[in-house]
Structures are given as C-alpha cells and as structure tokens.
$ cat data_23.txt   # compact mmCIF, C-alpha atoms
# COMPACT_ATOMS: atom_id res chain seq x y z
CA MET A 21 31.79 -25.29 55.57
CA ASP A 22 32.21 -28.53 53.69
CA PRO A 23 29.00 -30.62 53.58
CA THR A 24 30.99 -33.85 53.14
CA ASN A 25 29.44 -36.90 54.78
CA ALA A 26 30.98 -38.77 57.72
CA ASP A 27 32.09 -41.68 55.53
CA THR A 28 34.18 -39.42 53.29
CA ILE A 29 35.54 -37.54 56.29
CA LEU A 30 36.63 -40.74 58.02
CA ARG A 31 38.23 -42.16 54.89
CA ARG A 32 40.22 -38.95 54.38
CA PHE A 33 41.21 -38.65 58.04
CA PHE A 34 42.42 -42.23 58.35
CA ALA A 35 44.22 -42.04 54.99
CA VAL A 36 46.33 -39.11 56.16
CA SER A 37 46.69 -40.46 59.70
CA GLY A 38 48.27 -43.77 58.84
CA HIS A 39 50.59 -43.20 55.92
CA THR A 40 53.84 -43.46 57.92
CA ARG A 41 52.78 -45.86 60.65
CA HIS A 42 54.22 -49.22 61.56
CA PRO A 43 52.19 -52.19 60.20
CA GLU A 44 50.86 -53.01 63.70
CA SER A 45 49.77 -49.40 64.12
CA LEU A 46 47.93 -49.57 60.80
CA LEU A 47 46.04 -52.65 62.02
CA ARG A 48 45.26 -50.88 65.29
CA TYR A 49 43.93 -47.84 63.41
CA GLU A 50 41.77 -50.13 61.27
CA ARG A 51 40.30 -51.63 64.44
CA VAL A 52 39.63 -48.16 65.86
CA GLN A 53 38.02 -47.01 62.62
CA SER A 54 35.82 -50.11 62.49
CA HIS A 55 34.82 -49.58 66.12
CA LEU A 56 34.08 -45.89 65.49
CA ARG A 57 31.93 -46.69 62.46
CA GLY A 58 30.03 -49.35 64.41
CA TYR A 59 29.51 -46.91 67.27
CA LEU A 60 28.19 -44.23 64.90
CA GLU A 61 25.70 -46.59 63.26
CA GLY A 62 24.53 -48.03 66.58
CA VAL A 63 24.91 -45.90 69.69
CA ALA A 64 25.30 -42.46 68.10
CA ALA A 65 22.46 -43.07 65.65
CA ALA A 66 20.16 -44.11 68.50
CA ARG A 67 20.96 -40.87 70.34
CA LEU A 68 19.99 -38.59 67.45
CA GLU A 69 16.92 -36.42 67.80
CA GLY A 70 14.76 -34.26 65.57
CA PRO A 71 15.23 -33.98 61.81
CA ALA A 72 18.51 -35.91 61.78
CA ARG A 73 16.82 -38.88 63.47
CA ASP A 74 13.84 -38.69 61.10
CA LEU A 75 16.15 -38.59 58.08
CA LEU A 76 18.16 -41.57 59.34
CA ASP A 77 15.01 -43.60 60.03
CA LEU A 78 13.69 -42.83 56.56
CA GLU A 79 16.98 -43.73 54.90
CA ARG A 80 17.11 -47.08 56.73
CA GLN A 81 13.88 -48.05 54.98
CA PHE A 82 15.68 -47.83 51.64
CA ASP A 83 19.24 -48.81 52.51
CA ALA A 84 20.21 -50.07 55.95
CA GLU A 85 23.95 -50.15 55.16
CA ALA A 86 25.72 -47.39 57.12
CA PRO A 87 23.09 -44.63 56.88
CA TYR A 88 24.77 -42.48 59.55
CA ALA A 89 28.05 -42.34 57.68
CA ARG A 90 26.31 -41.72 54.35
CA LEU A 91 23.91 -39.00 55.46
CA LEU A 92 25.35 -37.13 58.38
CA GLY A 93 28.32 -34.83 58.33
CA ALA A 94 31.14 -33.33 60.31
CA ARG A 95 29.01 -31.61 62.95
CA GLU A 96 27.24 -34.84 63.93
CA LEU A 97 30.51 -36.75 63.82
CA LEU A 98 32.16 -34.27 66.18
CA HIS A 99 29.12 -34.32 68.46
CA ALA A 100 29.40 -38.13 68.75
CA LEU A 101 33.09 -38.20 69.76
CA PRO A 102 32.83 -37.52 73.51
CA GLU A 103 30.59 -40.52 74.11
CA PHE A 104 32.84 -42.65 71.88
CA LEU A 105 35.43 -42.17 74.62
CA ALA A 106 33.11 -43.18 77.47
CA VAL A 107 33.95 -46.34 79.42
CA PRO A 108 31.36 -48.60 77.74
CA GLN A 109 32.82 -47.71 74.33
CA LEU A 110 36.51 -48.07 75.18
CA LEU A 111 38.18 -50.93 73.36
CA PRO A 112 39.27 -53.88 75.54
CA ASP A 113 42.91 -54.01 74.39
CA PHE A 114 45.14 -51.51 76.19
CA HIS A 115 46.98 -50.32 73.07
CA ASP A 116 43.77 -50.18 71.04
CA ARG A 117 42.23 -47.96 73.75
CA LEU A 118 45.21 -45.64 73.62
CA ALA A 119 44.84 -45.45 69.83
CA GLN A 120 41.09 -44.84 70.20
CA ILE A 121 41.72 -41.92 72.56
CA SER A 122 44.38 -40.48 70.29
CA VAL A 123 42.28 -40.88 67.15
CA ALA A 124 39.20 -39.22 68.66
CA SER A 125 41.24 -36.28 69.96
CA ARG A 126 43.04 -35.78 66.67
CA LEU A 127 39.84 -36.20 64.66
CA ALA A 128 38.14 -33.42 66.64
CA GLN A 129 41.10 -31.13 65.98
CA TRP A 130 41.26 -32.18 62.32
CA LEU A 131 37.58 -31.37 61.78
CA CYS A 132 38.24 -27.86 63.07
CA SER A 133 41.53 -27.30 61.27
CA ARG A 134 40.02 -28.40 57.94
CA ARG A 135 37.06 -26.11 58.63
CA LEU A 136 34.62 -28.97 58.28
CA VAL A 137 32.89 -27.56 61.34
CA GLN A 138 32.57 -23.99 62.48
CA ARG A 139 34.83 -23.78 65.50
CA GLU A 140 32.56 -21.27 67.25
CA ASP A 141 29.44 -23.41 66.74
CA SER A 142 31.16 -26.66 67.72
CA TRP A 143 33.45 -25.48 70.51
CA ASP A 144 31.41 -27.26 73.20
CA ASP A 145 31.88 -30.59 71.40
CA VAL A 146 35.62 -29.95 71.04
CA VAL A 147 35.92 -29.22 74.76
CA LEU A 148 33.78 -32.25 75.65
CA THR A 149 35.94 -34.47 73.43
CA ARG A 150 39.11 -33.21 75.10
CA ALA A 151 37.61 -33.79 78.54
CA ALA A 152 36.41 -37.27 77.55
CA ALA A 153 39.89 -38.10 76.24
CA GLU A 154 41.46 -37.01 79.51
CA GLN A 155 38.92 -39.02 81.49
CA ALA A 156 39.53 -42.07 79.29
CA ARG A 157 43.29 -41.78 79.84
CA ARG A 158 42.67 -41.82 83.60
CA SER A 159 40.20 -44.69 83.40
CA PRO A 160 41.05 -47.61 85.70
CA ALA A 161 40.70 -49.84 82.64
CA LEU A 162 43.92 -48.28 81.35

$ encode --input "data_23.txt" --output "structure tokens"
Amino acid sequence: MDPTNADTILRRFFAVSGHTRHPESLLRYERVQSHLRGYLEGVAAARLEGPARDLLDLERQFDAEAPYARLLGARELLHALPEFLAVPQLLPDFHDRLAQISVASRLAQWLCSRRLVQREDSWDDVVLTRAAAEQARRSPAL
C-alpha cells in the first residue's frame, strides 16, 4: 500500500482526470476539487475519531493550512467520500453536482485500482460510495 497523503493523491487523480476535457469541464473539475478539499478539512476532519483525530488536532497547533490533506491518506479519503455525496454537500449547480458525483465514484475506483487502499479492507467504503452516488443521482435537487 502506498502511504501517500490525500493532497498528493488528489493532485495525481485530478491531473489524470482532466487532461482531455473541454475548458468548461476543467473549470467544473476545479470547483469540485476545491469543494472536496474544503469538505475534507471541515466536515470530514470533524468526524474523525481516535488517533487520526488526535494527530489532526496536534498538527493544527503548528500549521492550520490543510492538515487533513497533508497528514491523512487514501483510506481516510475513501472513507470520507460517501458523506461528500450526501445532500448537504452536493454542489448547487446542476452540472457541478453531476461532476461531483462522477468524480467521487471514479476516485473511489481509482484508489482501489492504484492499490492505494486494500480493496478487502475498504470494500465497505467503496460500496457506500457507490450507494451514495446512486442516491445523489436520484436526489430531487438534480
């Protein structure tokens, strides 16, 4: 397993995801990435428990700039994806929401295919992300 942090993972994922996209799609993906990073540092960070939470709290004392993305890795990133697709987190623009759903689904698959997470250990989060994506697609907001 690769111990790469969430920041590196996201930079790599978005770099390979947007290389052939239309300029508007690139802007949309930038908005989704910004929203995902904000979600990780706010909502997902607040939901952490145990040693990960303690480590994040300690790190914030020294550098408050994006501690989640700097310290935590693929497993925590994957674990955060289902809630990223919950109604309160869905982006307001219709096309941005569709991109958000697509990005989260593909990111979960990418984490597994790149073996950044152990598929057996993270299968529940993969299934929950798929279910959250399906629920988000059916959301009345869409």

$ atom_distance --input "data_23.txt" --atom1 "atom CA of Gln138 of chain A" --atom2 "atom CA of Ala100 of chain A"
15.8 Å

$ closest_atom_pairs --input "data_23.txt" --of "segment 108-148 of chain A" --to "segment 59-69 of chain A" --cutoff "12 Å" --atoms "only C-alpha atoms" --output "JSON lines"
{"residue": "A:Pro108", "atom": "CA", "partner": "A:Val63", "partner_atom": "CA", "distance": 10.7}
{"residue": "A:Gln109", "atom": "CA", "partner": "A:Tyr59", "partner_atom": "CA", "distance": 7.8}
{"residue": "A:Leu110", "atom": "CA", "partner": "A:Tyr59", "partner_atom": "CA", "distance": 10.6}
{"residue": "A:Leu111", "atom": "CA", "partner": "A:Tyr59", "partner_atom": "CA", "distance": 11.3}

$ closest_residue --input "data_23.txt" --among "A:Val147, A:Ala156, A:Ile29, A:Ala119" --to "Arg134 of chain A" --atoms "only C-alpha atoms"
A:Ile29

$ residues_around --input "data_23.txt" --residues "Val36 of chain A" --least-positions-apart "6" --cutoff "12 Å" --atoms "only C-alpha atoms" --output "ChimeraX atom specification"
/A:29-30,46,49,123,126-127,130

$ residues_around --input "data_23.txt" --residues "Leu105 of chain A" --least-positions-apart "5" --cutoff "8 Å" --atoms "only C-alpha atoms" --output "VMD selection string"
chain A and resid 110 120 to 121 124 149 152 to 153 156

$ write_last_selection --input "data_23.txt" --atoms "C-alpha atoms" --output "short mmCIF file (atom, residue, chain, number, x, y, z; two decimals), in the frame of the given file"
data_model
loop_
_atom_site.label_atom_id
_atom_site.label_comp_id
_atom_site.auth_asym_id
_atom_site.auth_seq_id
_atom_site.Cartn_x
_atom_site.Cartn_y
_atom_site.Cartn_z
CA LEU A 110 36.51 -48.07 75.18
CA GLN A 120 41.09 -44.84 70.20
CA ILE A 121 41.72 -41.92 72.56
CA ALA A 124 39.20 -39.22 68.66
CA THR A 149 35.94 -34.47 73.43
CA ALA A 152 36.41 -37.27 77.55
CA ALA A 153 39.89 -38.10 76.24
CA ALA A 156 39.53 -42.07 79.29
#

$ residues_around --input "data_23.txt" --residues "Leu101 of chain A" --least-positions-apart "2" --cutoff "8 Å" --atoms "only C-alpha atoms" --output "JSON, numbers by chain"
{"A": [97, 98, 99, 103, 104, 105, 124, 128, 145, 149]}

$ atom_distance --input "data_23.txt" --atom1 "atom CA of Glu96 of chain A" --atom2 "atom CA of Asp141 of chain A"
12.0 Å

$ atom_distance --input "data_23.txt" --atom1 "atom CA of Ala94 of chain A" --atom2 "atom CA of Cys132 of chain A"
9.4 Å

$ closest_residue --input "data_23.txt" --among "A:Arg157, A:His115, A:Arg73, A:Arg80" --to "Arg48 of chain A" --atoms "only C-alpha atoms"
A:His115

$ closest_residue --input "data_23.txt" --among "A:Val107, A:Val137, A:Val146, A:Leu78" --to "Arg95 of chain A" --atoms "all atoms listed in the file"
A:Val137
